[in-house]
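A.B. asks: Please read through the structure below; I'll follow up with questions.
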Amino acid sequence: MMDRTVDNNEDIGFIKDILQGDTGSFALLVRKYKNMIFNLAYRMTGNLAEAEDIIQESFVRAFKGLKQFNLVQGFPNWLYTITINVCRTHNRRNKFKWISLSGPAVKKDEHQEWFPEIGDEKDNPEDALDREENEKKVQKIIKMLPFKYRAIFVLRYIENKSYQEIASCAELPLGTVKTYLYRGQKILYEKLKNG
Amino acid sequence: MSCEKSRYISDYLNKELDPENIIIFEAHFKKCPECSRVIAFVKKMGKLHKYPASNDIADMVMEKIENPGIADVLRFNFERFSKLVIPALALVAIFLILKFNPANNSGLVKISFSLPDHGANSVSLVGDFNNWDASKGQLQKRGRAWHGSFYVKPGRYQYMIVVDEKKWMPDPMAKEYVEDGYGSKNSLIDTKQI
């Protein structure tokens with residue numbers, strides 16, 4: 001794994017090239033970070049197609065706003081910030097699409113259609129099925145968390161980010177991040193108890 | 001039921017607790033139904049599969065950047081448009097509220113007074129608009145001046161200033177004065193001349 005400073009210097013190199021007119025270098029940043037923000041978008045929405053739309057939109061926004069990129073925040077965290085904002089926009093739009101929200105969080109065939117490699121795992125088929133069922137349950141409960149807590153949970157418990165990094169990505173004060181985690185856990189417990 | 005110690009779950013799981021606290025919290029988390037359930041869940045979150053994004057994403061993004069479709073152009077413009085229009089609408093709304101505030105709707109006009117302070121303890125304004133009642137015309141001291149506003153029907157009103165509840169005097173800054181019939185002068189304000 002690359003050292004973070006080296007990684008950051010590489011990003012800055014790409015960004016300089018892009019700002020000097022080499023638009024094609026942006027594709028390198030997309031390839032480097034697509035999986036990172038896809039995972040966040042997928043866990044935030046529970047929908048693979050929507051997550052793809054979100055990351056495309058996030059990268060396009062990042063490209064358009066590249067001049068405003070904050071060197072101190074670093075490109076990955078800045079990208080997280082943009083992605084959270086795009087997810088928020090989608091979340092607002094989805095409030096009006098109540099029919100789709102009432103359906104299952106992730107359809108089984110959707111996984112297989114998008115990621116045929118899952119079937120090639122070493123697990124025996126029963127384990128794979130259990131894991132998939134388990135994933136569905138976990139994802140469903142993540143989706144039950146209010147939007148503002150969801151991003152914090154994903155960054156903390158899936159991406160293992162520090163409070164400081166989460167505060168930077170979610171544009172929140174450090175204390176608020178901790179409060180959201182605490183309150184989110186209370187909601188989580190209620191859902192787990194009743195579910 | 002709500003467990004206060006659950007706020008340390010995140011620190012515990014990310015190994016950010018002080019060594020002496022680890023033992024204390026670990027013992028608690030094991031027996032607390034709330035904490036143990038939350039911990040079990042967030043541990044499951046950490047084990048979720050990380051799905052890769054499609055390999056075509058880079059091409060799709062570059063296509064959008066190099067040839068923005070009409071939908072992107074419209075969405076972009078709409079966002080910029082909404083950023084400009086929402087504050088503009090807010091300003092218009094504030095203007096309308098000020099212009100047609102309840103006082104104006106009822107046909108009243110606001111008259112405001114500011115008088116320089118010369119060490120008074122209280123200053124009131126009495127006149128035709130408050131039936132010469134000093135208790136209804138008290139001004140407030142802010143800085144070195146006394147201020148007050150009254151809502152009145154359009155017209156001409158005679159008034160006087162009452163300092164420290166006993167000394168009556170005309171307003172030195174009034175535009176007009178009229179004889180009060182007792183050898184003194186009342187100040188006069190005309191709402192058309194405000």
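Labels used: A, B, ... for chains in the order of the structure tokens, numbers from 1 for residues in each chain, and numbers from 1 for ligands as shown.
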Would you tabulate, counting only C-alpha atoms, all residues of chain A that have an atom at most 7 Å from an atom of chain B, showing the closest pair of atoms and their distance in Å to one decimal, sorted by chain then ascending number, as a tab-separated table?
C.D. replies:
```
residue	atom	partner	partner_atom	distance
A:Ala27	CA	B:Ala58	CA	5.4
A:Val30	CA	B:Ala58	CA	5.5
A:Arg31	CA	B:Ala58	CA	6.0
A:Lys34	CA	B:Ala53	CA	6.1
A:Asn35	CA	B:Pro52	CA	5.0
A:Phe38	CA	B:Ala53	CA	5.8
A:Asn39	CA	B:Lys50	CA	6.2
A:Gln56	CA	B:Val61	CA	5.7
A:Phe59	CA	B:Val61	CA	6.8
A:Val60	CA	B:Ile65	CA	6.3
A:Glu135	CA	B:Leu48	CA	6.5
A:Val138	CA	B:Met45	CA	6.8
A:Tyr157	CA	B:Gly46	CA	5.5
A:Ile158	CA	B:Gly46	CA	4.5
A:Tyr182	CA	B:Arg7	CA	5.2
A:Gln185	CA	B:Val38	CA	6.6
A:Tyr189	CA	B:Val38	CA	6.0
```
A.B. asks: Grab the atom CA of B:Met173 to atom CA of B:Gly107 distance for me, in Å with one decimal place.
C.D. replies: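 Atom-to-atom, atom CA of B:Met173 to atom CA of B:Gly107, that is 26.1 Å.
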A.B. asks: Could you work out how far atom CA of A:Ser58 lies from atom CA of A:Ala151, giving the answer in Å with one decimal?
C.D. replies: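 Distance between the two atoms: 15.2 Å.
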